[in-house]
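To start, the structure itself, in structure tokens.
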2 protein chains.
Amino acid sequence: MSTGHAKPDLVPAQFLLLRSARNPLTLLRPACYSLTMKHTVTFLPDNVTIDVDAGVSLFKASKSAGVYVLSSCGGKGNCGKCKVVVKSGTVDRGKSDAYLTNEEKQRGYVLACHSHITSDLVIEVPQESRMQAKHKIATGANTEVLIKLMREAGGCLDSRMMRVYMELKPPTLDDNLSDFERIRRALDERGFDAYHMHMNHTVLKKLAHILREANWKITVSLFGVSDVTEVLDIFPGDTTRNRYGAAVDIGTTTIVVYLVDMKNGHIVGTASSYNPQVKCGDDVITRIVYATEKNGLQELQDLAVGNVSSMLTELSNKNNITPNMIDYVVVAGNTTMNHLFYGINPQYLREEPYIPTAAFLPLIRGMNVGLAIDPQAVVYAMPNVASYVGGDITAGVLVSQMHKQEKVSLFIDVGTNGEIVLGNKEWLVTAACSAGPAFEGSGIKFGMRAMEGAIEEVEIDPKTFEANYRVIGDAKPIGICGSGMIDALAEMYLSGVIDQKGKIRDEIKSKRIRRGESGLEYVLAWRVESSINKEIVLTEVDLDNLIRAKAAIYAGFATLLGHMGMAFSDVDKIFIAGGFGRYIDVERAVTIGLLPDLPVEKFQFLGNTSIIGAYYALLCDRLRHEAEDIARKMTYVELSVSRSFMDEYMSALFLPHTNLDAFPTVKKEMRRAKNWYAHE
Amino acid sequence: MSTGHAKPDLVPAQFLLLRSARNPLTLLRPACYSLTMKHTVTFLPDNVTIDVDAGVSLFKASKSAGVYVLSSCGGKGNCGKCKVVVKSGTVDRGKSDAYLTNEEKQRGYVLACHSHITSDLVIEVPQESRMQAKHKIATGANTEVLIKLMREAGGCLDSRMMRVYMELKPPTLDDNLSDFERIRRALDERGFDAYHMHMNHTVLKKLAHILREANWKITVSLFGVSDVTEVLDIFPGDTTRNRYGAAVDIGTTTIVVYLVDMKNGHIVGTASSYNPQVKCGDDVITRIVYATEKNGLQELQDLAVGNVSSMLTELSNKNNITPNMIDYVVVAGNTTMNHLFYGINPQYLREEPYIPTAAFLPLIRGMNVGLAIDPQAVVYAMPNVASYVGGDITAGVLVSQMHKQEKVSLFIDVGTNGEIVLGNKEWLVTAACSAGPAFEGSGIKFGMRAMEGAIEEVEIDPKTFEANYRVIGDAKPIGICGSGMIDALAEMYLSGVIDQKGKIRDEIKSKRIRRGESGLEYVLAWRVESSINKEIVLTEVDLDNLIRAKAAIYAGFATLLGHMGMAFSDVDKIFIAGGFGRYIDVERAVTIGLLPDLPVEKFQFLGNTSIIGAYYALLCDRLRHEAEDIARKMTYVELSVSRSFMDEYMSALFLPHTNLDAFPTVKKEMRRAKNWYAHE
């Protein structure tokens with residue numbers, strides 16, 4: 001793209017073409033010119049224009065332009081999500097049509113990944129294909145509540161990341177200790193065990209200058225591992241007040257950041273955004289594949305680190321904090337996420353026998369990953385258990401405190417994957433049930449994440465089969481999110497729209513039940529109601545995907561219990577973690593057989609335990625060690641090769657389950673529903 | 001220097017000029033051309049040609065060309081050493097003439113630092129201005145002797161730098177430990193305390209790949225600090241045999257390297273060269289000043305590190321060793337040298353109260369300084385005591401074992417500086433006497449280092465005043481080195497050529513005594529004898545400089561003893577260290593009052609204790625700790641502000657001393673000499 005003129009970011013395309021044609025320099029540099037034909041592509045509504053080689057895919061062009069286009073498969077061409085509209089110009093639309101309705105075709109839709117550029121273009125990214133990066137995700141960051149919870153969990157502010165201010169005695173001929181040993185002596189005098197004091201090379205080189213410039217009044221940031229204390233950085237004057245840390249939850253779908261005042265645990269600010277890696281694939285498997293291709297690993301790392309950095313920078317700016325005041329970052333994420341964050345090739349997470357590079361990732365420095373914090377700041381990752389049970393789950397167990405209880409609890413984090421922990425203070429077993437991200441919208445025609453425009457609650461009238469719904473932000477609907485899907489599935493089942501296998505009953509007379517391009521479908525919202533000028537439907541394919549997902553999760557529970565020779569009745573508490581968990585209706589989730597049929601009071605929503613656990617570990621070294629003990633204590637059960645998991649899964653591919661006796665409440669409800677039909 | 005043609009290194013100047021005049025490309029690029037006039041300078045005998053801007057000094061041009069020209073002041077214009085001959089072309093000779101004899105002027109000599117380029121030039125660097133980098137310095141590296149000495153000193157092969165080969169059990173679904181923890185378990189099984197195992201980010205990123213590529217048969221290099229064990233690097237297969245280390249003595253004047261097989265302590269090879277930093281100044285003070293100017297620090301670091309790297313590379317190549325087999329380097333040098341090696345600004349070493357950045361330099365990695373070893377290899381510096389008593393002296397005391405003896409010993413390392421240690425197993429005091437590098441040739445008209453062509457022994461006939469001398473390498477003399485100067489001074493004194501103040505007796509009738517351009521001088525070698533077509537003389541200025549140097553050293557001894565309320569007679573042993581020390585004649589050194597008048601059997605030559613101590617510490621962790629204990633135990637006495645040192649110094653500015661009673665042997669010898677005159 002070295003075309004000899006300035007980077008054309010926001011300049012209209014026509015003007016650019018004129019400019020480059022007129023620029024006499026270009027005439028004199030034929031050898032520098034690429035022989036490939038260039039075209040100008042403008043993306044709306046962002047109004048970003050770039051020059052691209054002819055033949056490049058629109059998906060790749062959108063990435064170059066920094067324009068997000070939704071994709072579940074990372075541009076592999078098989079999810080059908082990256083729909084864009086050609087407003088002017090022509091493209092080679094490739095296999096686009098296989099994923100588009102006739103109406104969409106007529107309206108100029110193409111799939112960005114299948115379409116290749118053949119002329120100058122104006123492309124619109126329609127609302128349903130956009131990522132709403134600024135959408136607010138509830139972060140639940142109430143310092144007082146969290147500090148109270150942390151104290152109840154036995155925590156306190158005892159981080160081994162410290163800042164110490166010292167007014168050193170300036171050296172004299174009689175007191176001629178070196179600069180390094182002068183600091184050590186001062187630490188000794190303050191009761192630190194500084195015998196094994198270490199200082200990195202960068203600090204060492206600037207030490208003498210800073211001490212003298214600051215007139216021997218300095219602050220050191222310190223971090224201790226075992227009995228080695230390292231001086232991470234040195235600052236002129238008293239900067240002990242500027243002691244910040246960050247807790248980071250790197251979810252497959254969402255990234256959340258807490259900027260924390262380390263002096264008192266106060267959460268200075270929170271930020272969240274979608275994980276920009278989603279454009280390389282919705283789920284961890286797609287991202288692992290992406291990472292092993294070309295420069296994929298670097299790209300994925302840069303996306304996540306860049307995202308965290310920009311959130312930290314924004315929060316810092318807002319609070320007059322500079323990056324070098326951030327000494328410590330604790331990251332919680334699933335194993336794939338933390339490997340990618342560290343820049344470690346995740347390939348072997350995916351290949352049997354599914355081995356991470358490290359469950360306990362060693363400490364690294366801010367500069368190792370290029371995070372916008374002090375270059376020497378320590379980055380700690382909450383410990384993983386196995387390839388598919390990561391630091392987010394360790395954090396979750398820490399927050400649940402199930403590992404200290406006599407009675408047996410079950411911990412679930414549905415999120416993009418589906419991890420489960422069963423146990424008590426004696427033992428912990430864990431598994432990942434590869435439920436897939438259906439409940440987060442992937443593989444569901446109008447599936448989307450829980451953001452503005454998503455249908456989050458659904459009711460279906462069993463008499464009229466008419467639907468009622470509630471949309472996040474009280475907006476016109478764009479699609480349907482996880483809690484909406486659970487509701488819809490339960491309501492369709494209870495109202496009789498679908499049978500136990502999730503098949504739509506063709507015989508029902510209702511305009512809402514119709515044959516669409518991919519088989520039978522149920523219309524949740526009519527075209528006039530939606531903001532995308534389309535009917536929002538759930539297809540039989542969607543329903544099948546949802547049932548597979550819920551079956552995997554339930555089978556996970558059942559297998560772990562079976563593994564321990566226990567039944568659901570032995571479970572005292574069920575902790576539900578994750579953003580996903582906050583919005584779902586437990587009763588509806590039981591109806592579809594996603595959750596076991598236990599008394600509602602046994603279920604407890606914990607919110608985003610990943611970020612809360614990271615916050616605990618950031619502030620409290622004792623709890624950080626406790627998380628490590630939890631990770632060590634957890635026994636991982638590999639479900640993907642478990643025969644009983646497969647059996648359980650097959651049995652769970654029904655609503656609510658093959659064995660209806662395991663769901664007495666649902667059975668009763670069904671009977672009531674049927675009685676009610678009978679009354680009619 | 002972007003003139004648009006290829007780098008002209010070894011192409012004759014005329015051809016280059018033609019080429020650049022003819023090259024049509026240059027005509028088309030007027031904007032790229034510097035407006036400064038360029039000239040072509042060829043340096044002989046190396047036959048290196050470069051293009052240089054008009055007005056640049058010949059000294060700077062020689063550095064750009066990579067041609068060494070001797071200099072004591074680092075190009076400041078005040079040492080008069082950088083004499084070169086203009087063979088063709090013209091220069092603005094500046095103040096050159098102030099430093100040149102009439103004869104030299106006639107022969108086309110100029111001072112490189114004072115002369116500025118005004119035309120194309122051919123410059124010859126005469127032999128006396130060249131650094132003979134290939135000169136062999138005896139390294140005394142006899143493995144058997146050194147291992148025996150190390151064992152006698154209580155040492156053994158217990159380095160905390162290890163390589164461990166492991167055939168790991170490949171992971172299975174049932175044994176799904178992560179790669180990192182698999183290594184930890186294997187170390188645990190081998191009895192290592194791997195609980196606090198650390199792994200740096202670089203190794204972490206390649207770990208998974210190497211393990212699988214190597215079929216789980218790998219070698220790890222390990223280093224332990226306190227109870228933290230770090231995996232420094234990982235290698236496919238069994239590379240435990242490839243476990244090398246290096247001991248490095250970074251002297252102000254000379255750098256010595258031992259490449260050591262860590263398995264058995266065997267010295268695989270040794271190399272030595274002059275410290276290329278000498279071109280930035282002969283002594284530590286000049287280098288400190290140089291380091292504080294512009295890019296001086298970086299340049300000095302690069303010179304030393306580059307020199308050690310090239311020696312290591314040469315030794316490695318010779319022995320089929322690759323840089324990544326070198327895991328550990330122990331460096332011994334004075335405080336300025338190790339600060340420069342680490343790239344630490346040495347400015348405050350020179351400013352009262354003379355404070356190093358660190359006496360105990362923290363561990364750094366090969367990559368921190370860019371050394372040609374494994375990037376993660378550990379670099380350890382022998383601990384310093386103060387700004388002018390460095391790791392070389394700590395190493396020296398370790399080798400002398402004086403810190404374990406009941407009786408009091410005196411340790412001297414004359415070298416370029418002049419450090420002294422006094423003490424026994426109870427206490428140690430140390431001082432640096434800033435003797436200056438006169439005995440290494442600086443400030444002496446024909447002074448030079450102990451290399452081929454240096455007069456190393458002198459006899460003067462008291463009857464005829466004729467001189468006899470011996471030259472290193474049995475060559476024709478170029479100049480005179482330290483041991484030659486001591487001999488000459490002693491012989492001139494005993495033969496009556498000079499008086500007690502070092503003044504030449506004008507009244508003596510001898511062709512050898514004459515008035516030269518800088519006052520009276522004594523001709524050691526006639527023009528026909530020398531290889532530089534000049535008389536080699538010692539001037540009164542030279543003699544004065546030598547007497548000042550010896551006075552400073554003797555005053556150092558006396559002051560330290562006085563500090564402890566002791567006399568020379570209380571000293572049981574005098575250990576003489578340093579390359580300088582191996583060649584000198586003790587009796588002659590006593591005659592001039594450089595060494596105290598004690599029985600010859602009390603003196604013991606230890607050779608280069610700096611490199612030997614580094615070698616001990618490399619192989620033996622116990623002795624490395626012992627060196628640290630020594631450094632902690634030493635009390636530094638700052639002589640530069642000591643009143644009694646000044647008194648002692650003034651008293652020592654005579655041959656052998658104001659107080660002749662302190663030198664009974666010399667007194668006797670003088671009487672014999674006088675009797676002998678009387679007999680005549």
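Letters A, B, ... go to the chains of the structure tokens in the order shown; residues in each chain start at 1; ligands are counted from 1 in the same order.
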For chain B versus chain A, which residues have an atom no more than 9 Å away, and what is each residue's nearest atom pair and distance in Å rounded to one decimal, using only C-alpha atoms, chain-then-number order, as JSON lines?
{"residue": "B:Pro171", "atom": "CA", "partner": "A:Pro353", "partner_atom": "CA", "distance": 6.7}
{"residue": "B:Thr172", "atom": "CA", "partner": "A:Pro353", "partner_atom": "CA", "distance": 5.4}
{"residue": "B:Leu173", "atom": "CA", "partner": "A:Pro353", "partner_atom": "CA", "distance": 5.0}
{"residue": "B:Asp174", "atom": "CA", "partner": "A:Glu638", "partner_atom": "CA", "distance": 8.6}
{"residue": "B:Asp175", "atom": "CA", "partner": "A:Pro353", "partner_atom": "CA", "distance": 8.8}
{"residue": "B:Asn176", "atom": "CA", "partner": "A:Ile355", "partner_atom": "CA", "distance": 6.2}
{"residue": "B:Leu177", "atom": "CA", "partner": "A:Ile355", "partner_atom": "CA", "distance": 6.9}
{"residue": "B:Ser178", "atom": "CA", "partner": "A:Pro356", "partner_atom": "CA", "distance": 5.0}
{"residue": "B:Asp179", "atom": "CA", "partner": "A:Thr357", "partner_atom": "CA", "distance": 4.9}
{"residue": "B:Phe180", "atom": "CA", "partner": "A:Ala358", "partner_atom": "CA", "distance": 4.9}
{"residue": "B:Glu181", "atom": "CA", "partner": "A:Ala358", "partner_atom": "CA", "distance": 6.6}
{"residue": "B:His196", "atom": "CA", "partner": "A:Ser226", "partner_atom": "CA", "distance": 7.3}
{"residue": "B:Met197", "atom": "CA", "partner": "A:Pro362", "partner_atom": "CA", "distance": 8.3}
{"residue": "B:His198", "atom": "CA", "partner": "A:Pro362", "partner_atom": "CA", "distance": 6.0}
{"residue": "B:Met199", "atom": "CA", "partner": "A:Pro362", "partner_atom": "CA", "distance": 6.2}
{"residue": "B:Asn200", "atom": "CA", "partner": "A:Ile364", "partner_atom": "CA", "distance": 7.3}
{"residue": "B:His201", "atom": "CA", "partner": "A:Ile364", "partner_atom": "CA", "distance": 6.3}
{"residue": "B:Thr202", "atom": "CA", "partner": "A:Asn368", "partner_atom": "CA", "distance": 8.8}
{"residue": "B:Leu204", "atom": "CA", "partner": "A:Ile344", "partner_atom": "CA", "distance": 7.3}
{"residue": "B:Lys205", "atom": "CA", "partner": "A:Ile344", "partner_atom": "CA", "distance": 4.9}
{"residue": "B:Lys206", "atom": "CA", "partner": "A:Ile344", "partner_atom": "CA", "distance": 7.7}
{"residue": "B:Leu207", "atom": "CA", "partner": "A:Thr357", "partner_atom": "CA", "distance": 6.9}
{"residue": "B:Ala208", "atom": "CA", "partner": "A:Thr357", "partner_atom": "CA", "distance": 5.7}
{"residue": "B:His209", "atom": "CA", "partner": "A:Asn345", "partner_atom": "CA", "distance": 8.5}
{"residue": "B:Val225", "atom": "CA", "partner": "A:Val228", "partner_atom": "CA", "distance": 8.1}
{"residue": "B:Ser226", "atom": "CA", "partner": "A:Val228", "partner_atom": "CA", "distance": 7.2}
{"residue": "B:Asp227", "atom": "CA", "partner": "A:Ser226", "partner_atom": "CA", "distance": 7.3}
{"residue": "B:Val228", "atom": "CA", "partner": "A:Ser226", "partner_atom": "CA", "distance": 7.2}
{"residue": "B:Tyr342", "atom": "CA", "partner": "A:Lys205", "partner_atom": "CA", "distance": 8.1}
{"residue": "B:Gly343", "atom": "CA", "partner": "A:Lys205", "partner_atom": "CA", "distance": 6.8}
{"residue": "B:Ile344", "atom": "CA", "partner": "A:Lys205", "partner_atom": "CA", "distance": 4.9}
{"residue": "B:Asn345", "atom": "CA", "partner": "A:Lys205", "partner_atom": "CA", "distance": 7.0}
{"residue": "B:Pro346", "atom": "CA", "partner": "A:Ala208", "partner_atom": "CA", "distance": 8.9}
{"residue": "B:Gln347", "atom": "CA", "partner": "A:Ala208", "partner_atom": "CA", "distance": 8.9}
{"residue": "B:Tyr348", "atom": "CA", "partner": "A:Ala208", "partner_atom": "CA", "distance": 7.6}
{"residue": "B:Glu352", "atom": "CA", "partner": "A:Leu173", "partner_atom": "CA", "distance": 7.5}
{"residue": "B:Pro353", "atom": "CA", "partner": "A:Leu173", "partner_atom": "CA", "distance": 5.0}
{"residue": "B:Tyr354", "atom": "CA", "partner": "A:Asn176", "partner_atom": "CA", "distance": 7.4}
{"residue": "B:Ile355", "atom": "CA", "partner": "A:Ser178", "partner_atom": "CA", "distance": 5.4}
{"residue": "B:Pro356", "atom": "CA", "partner": "A:Ser178", "partner_atom": "CA", "distance": 5.0}
{"residue": "B:Thr357", "atom": "CA", "partner": "A:Asp179", "partner_atom": "CA", "distance": 4.9}
{"residue": "B:Ala358", "atom": "CA", "partner": "A:Phe180", "partner_atom": "CA", "distance": 4.9}
{"residue": "B:Ala359", "atom": "CA", "partner": "A:Ser178", "partner_atom": "CA", "distance": 5.8}
{"residue": "B:Phe360", "atom": "CA", "partner": "A:Glu181", "partner_atom": "CA", "distance": 7.8}
{"residue": "B:Leu361", "atom": "CA", "partner": "A:Phe180", "partner_atom": "CA", "distance": 8.2}
{"residue": "B:Pro362", "atom": "CA", "partner": "A:His198", "partner_atom": "CA", "distance": 6.0}
{"residue": "B:Leu363", "atom": "CA", "partner": "A:His198", "partner_atom": "CA", "distance": 7.8}
{"residue": "B:Ile364", "atom": "CA", "partner": "A:His201", "partner_atom": "CA", "distance": 6.3}
{"residue": "B:Arg365", "atom": "CA", "partner": "A:His201", "partner_atom": "CA", "distance": 8.6}
{"residue": "B:Asn368", "atom": "CA", "partner": "A:His201", "partner_atom": "CA", "distance": 7.0}
{"residue": "B:Val385", "atom": "CA", "partner": "A:Leu177", "partner_atom": "CA", "distance": 8.9}
{"residue": "B:Ala386", "atom": "CA", "partner": "A:Ser178", "partner_atom": "CA", "distance": 7.4}
{"residue": "B:Ser387", "atom": "CA", "partner": "A:Ser178", "partner_atom": "CA", "distance": 8.5}
{"residue": "B:Tyr636", "atom": "CA", "partner": "A:Asn176", "partner_atom": "CA", "distance": 8.8}
{"residue": "B:Val637", "atom": "CA", "partner": "A:Asp174", "partner_atom": "CA", "distance": 8.9}
{"residue": "B:Glu638", "atom": "CA", "partner": "A:Leu173", "partner_atom": "CA", "distance": 7.2}
{"residue": "B:Val641", "atom": "CA", "partner": "A:Leu173", "partner_atom": "CA", "distance": 8.8}
So that I can see what lies close to Lys633 in chain B, please list as a PyMOL selection string the residues with an atom at most 12 Å from it, counting only C-alpha atoms and leaving out residues fewer than 6 positions away in the same chain. chain B and resi 383-385+394+397+403+421-430+626-627
Please, could you write that set of residues out with C-alpha atoms as a PDB file, in the first residue's frame?
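Dumped everything to part-v1.pdb:
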ATOM      1  CA  PRO B 383      31.131  -7.378  44.264  1.00  0.00           C
ATOM      2  CA  ASN B 384      32.722  -3.968  44.613  1.00  0.00           C
ATOM      3  CA  VAL B 385      33.682  -2.349  47.882  1.00  0.00           C
ATOM      4  CA  THR B 394      37.435  -8.711  46.023  1.00  0.00           C
ATOM      5  CA  VAL B 397      41.514 -11.206  48.236  1.00  0.00           C
ATOM      6  CA  HIS B 403      40.874 -13.127  54.843  1.00  0.00           C
ATOM      7  CA  VAL B 421      44.093  -4.347  51.111  1.00  0.00           C
ATOM      8  CA  LEU B 422      45.429  -4.889  54.612  1.00  0.00           C
ATOM      9  CA  GLY B 423      44.034  -7.371  57.077  1.00  0.00           C
ATOM     10  CA  ASN B 424      43.492 -10.865  58.340  1.00  0.00           C
ATOM     11  CA  LYS B 425      40.590 -13.127  59.252  1.00  0.00           C
ATOM     12  CA  GLU B 426      39.285 -10.563  61.743  1.00  0.00           C
ATOM     13  CA  TRP B 427      39.326  -7.407  59.676  1.00  0.00           C
ATOM     14  CA  LEU B 428      40.147  -5.976  56.275  1.00  0.00           C
ATOM     15  CA  VAL B 429      40.819  -2.364  55.301  1.00  0.00           C
ATOM     16  CA  THR B 430      41.273  -1.191  51.760  1.00  0.00           C
ATOM     17  CA  GLU B 626      32.711 -15.883  50.249  1.00  0.00           C
ATOM     18  CA  ALA B 627      33.667 -13.076  47.864  1.00  0.00           C
TER      19      ALA B 627
END
Can you check which residues of range 586-660 of chain A DSSP gives as strand (DSSP E or B) on the backbone and send them as number ranges by chain? A: 603-607, 634-636
DSSP alpha helix (DSSP H) residues within range 379-563 of chain B, listed as a PyMOL selection string: chain B and resi 391-400+482-494+540-563
Give me the residues near Pro126 in chain A as a ChimeraX atom specification, where near means some atom within 8 Å (using only C-alpha atoms) and where sequence neighbours in that chain fewer than 6 positions away do not count. /A:83-85
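In terms of minimum interatomic distance to Pro599 in chain A, A:Val586 ranks closest within A:Val278, A:Val586, A:Met634, A:Leu300, counting only C-alpha atoms.
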Interatomic distance (Å, one decimal) between CA of Ala98 in chain B and CA of Gly80 in chain B: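 That distance, rounded to one decimal, is 8.6 Å.
By chain and then residue number, the residues within 9 Å of range 532-535 of chain A are Pro126, Gln127, Glu128, Lys476, Pro477, Ile478, Val523, Leu524, Ala525, Trp526 and Arg527 of chain A, counting only C-alpha atoms and disregarding those fewer than 5 positions away in sequence.
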Could you write out the selected residues, including N, CA and C atoms, as a JSON list (two decimals), in the first residue's frame?
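out.json, freshly written:
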[["chain", "number", "residue", "atom", "x", "y", "z"],
["A", 126, "PRO", "N", -24.63, -3.02, 8.09],
["A", 126, "PRO", "CA", -25.94, -2.82, 8.71],
["A", 126, "PRO", "C", -25.88, -3.07, 10.21],
["A", 127, "GLN", "N", -26.87, -2.57, 10.89],
["A", 127, "GLN", "CA", -26.84, -2.62, 12.36],
["A", 127, "GLN", "C", -26.61, -4.02, 12.90],
["A", 128, "GLU", "N", -27.24, -5.03, 12.26],
["A", 128, "GLU", "CA", -27.12, -6.39, 12.79],
["A", 128, "GLU", "C", -25.72, -6.96, 12.64],
["A", 476, "LYS", "N", -36.27, -1.06, 19.63],
["A", 476, "LYS", "CA", -36.84, -2.02, 18.68],
["A", 476, "LYS", "C", -35.86, -3.19, 18.58],
["A", 477, "PRO", "N", -36.36, -4.41, 18.46],
["A", 477, "PRO", "CA", -35.44, -5.55, 18.49],
["A", 477, "PRO", "C", -34.57, -5.69, 17.23],
["A", 478, "ILE", "N", -33.34, -6.16, 17.48],
["A", 478, "ILE", "CA", -32.41, -6.51, 16.39],
["A", 478, "ILE", "C", -32.30, -8.03, 16.32],
["A", 523, "VAL", "N", -42.01, -16.86, 14.27],
["A", 523, "VAL", "CA", -41.73, -15.43, 14.19],
["A", 523, "VAL", "C", -41.90, -14.79, 15.57],
["A", 524, "LEU", "N", -40.78, -14.31, 16.11],
["A", 524, "LEU", "CA", -40.83, -13.65, 17.42],
["A", 524, "LEU", "C", -41.29, -12.21, 17.27],
["A", 525, "ALA", "N", -40.79, -11.55, 16.24],
["A", 525, "ALA", "CA", -41.15, -10.14, 16.04],
["A", 525, "ALA", "C", -41.37, -9.89, 14.56],
["A", 526, "TRP", "N", -42.40, -9.17, 14.27],
["A", 526, "TRP", "CA", -42.71, -8.87, 12.87],
["A", 526, "TRP", "C", -41.79, -7.78, 12.35],
["A", 527, "ARG", "N", -41.71, -7.75, 11.04],
["A", 527, "ARG", "CA", -40.83, -6.78, 10.36],
["A", 527, "ARG", "C", -41.05, -5.34, 10.85]]
Using only C-alpha atoms for the distances, tell me which of A:Ala475, A:Ala246, A:Val408, A:Met451 is nearest to Ala567 in chain A.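 Closest to Ala567 in chain A of all the choices is A:Val408.
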Just want the 9 Å neighbourhood of Ser129 in chain A, counted on only C-alpha atoms, with same-chain residues fewer than 4 positions away dropped. Output as a PyMOL selection string. chain A and resi 68-71+81-84+125
Tell me which protein, DNA and RNA residues are within 12 Å of Glu314 in chain A, counting only C-alpha atoms, leaving out same-chain ones fewer than 4 positions away, and put them as a PyMOL selection string. chain A and resi 257-259+268-272+307-310+318-323+372
Would you write out those residues with N, CA and C atoms, as a CSV table (one decimal), in the first residue's frame?
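Once everything was written out, this is again07.csv:
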chain,number,residue,atom,x,y,z
A,257,VAL,N,-12.5,-4.4,32.9
A,257,VAL,CA,-11.3,-3.8,33.6
A,257,VAL,C,-11.8,-3.0,34.9
A,258,TYR,N,-11.1,-3.3,36.0
A,258,TYR,CA,-11.3,-2.5,37.2
A,258,TYR,C,-10.0,-1.8,37.4
A,259,LEU,N,-10.0,-0.5,37.5
A,259,LEU,CA,-8.8,0.2,37.9
A,259,LEU,C,-8.9,0.5,39.4
A,268,VAL,N,-11.5,2.7,41.3
A,268,VAL,CA,-11.5,4.1,40.8
A,268,VAL,C,-12.4,4.2,39.6
A,269,GLY,N,-12.4,3.2,38.8
A,269,GLY,CA,-13.2,3.2,37.6
A,269,GLY,C,-13.3,1.8,37.0
A,270,THR,N,-14.4,1.6,36.2
A,270,THR,CA,-14.5,0.3,35.6
A,270,THR,C,-14.8,0.6,34.1
A,271,ALA,N,-14.4,-0.4,33.3
A,271,ALA,CA,-14.7,-0.3,31.8
A,271,ALA,C,-14.9,-1.7,31.3
A,272,SER,N,-15.6,-1.7,30.2
A,272,SER,CA,-15.8,-3.0,29.6
A,272,SER,C,-16.0,-2.8,28.1
A,307,ASN,N,-6.8,-3.7,23.6
A,307,ASN,CA,-8.1,-3.4,24.2
A,307,ASN,C,-8.0,-3.0,25.7
A,308,VAL,N,-7.3,-3.9,26.4
A,308,VAL,CA,-7.1,-3.6,27.8
A,308,VAL,C,-6.4,-2.3,28.0
A,309,SER,N,-5.3,-2.1,27.2
A,309,SER,CA,-4.5,-0.9,27.3
A,309,SER,C,-5.4,0.3,27.1
A,310,SER,N,-6.2,0.3,26.1
A,310,SER,CA,-7.0,1.5,25.8
A,310,SER,C,-8.0,1.7,26.9
A,318,LYS,N,-9.1,9.7,32.8
A,318,LYS,CA,-10.3,10.3,33.5
A,318,LYS,C,-10.0,10.6,35.0
A,319,ASN,N,-9.0,9.9,35.6
A,319,ASN,CA,-8.7,10.0,37.0
A,319,ASN,C,-7.3,10.6,37.3
A,320,ASN,N,-6.8,11.2,36.2
A,320,ASN,CA,-5.4,11.8,36.4
A,320,ASN,C,-4.4,10.9,36.9
A,321,ILE,N,-4.5,9.7,36.3
A,321,ILE,CA,-3.5,8.7,36.7
A,321,ILE,C,-2.6,8.4,35.4
A,322,THR,N,-1.3,8.3,35.7
A,322,THR,CA,-0.4,8.0,34.5
A,322,THR,C,-0.1,6.5,34.5
A,323,PRO,N,0.2,6.0,33.3
A,323,PRO,CA,0.5,4.5,33.2
A,323,PRO,C,1.5,4.0,34.2
A,372,ALA,N,-0.2,-0.9,28.6
A,372,ALA,CA,0.0,0.5,28.9
A,372,ALA,C,0.1,0.7,30.4
Extract, using only C-alpha atoms, all DNA, RNA and protein residues at most 6 Å from range 214-217 of chain B, discarding same-chain residues fewer than 3 positions from it, and format them as a list in words. Met166, Glu167, Leu168, Ile210, Leu211, Pro236 and Gly237 of chain B
Can you work out which one of B:Ala555, B:Ile444, B:Ile504, B:Val379 has the shortest atom-to-atom distance to Asp542 in chain B, counting only C-alpha atoms? B:Ile444
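Between CA of Tyr380 in chain A and CA of Ala332 in chain A lies a distance of 8.8 Å.
The two atoms in question, CA of Ala381 in chain B and CA of Ile218 in chain B, are spaced 29.7 Å apart.
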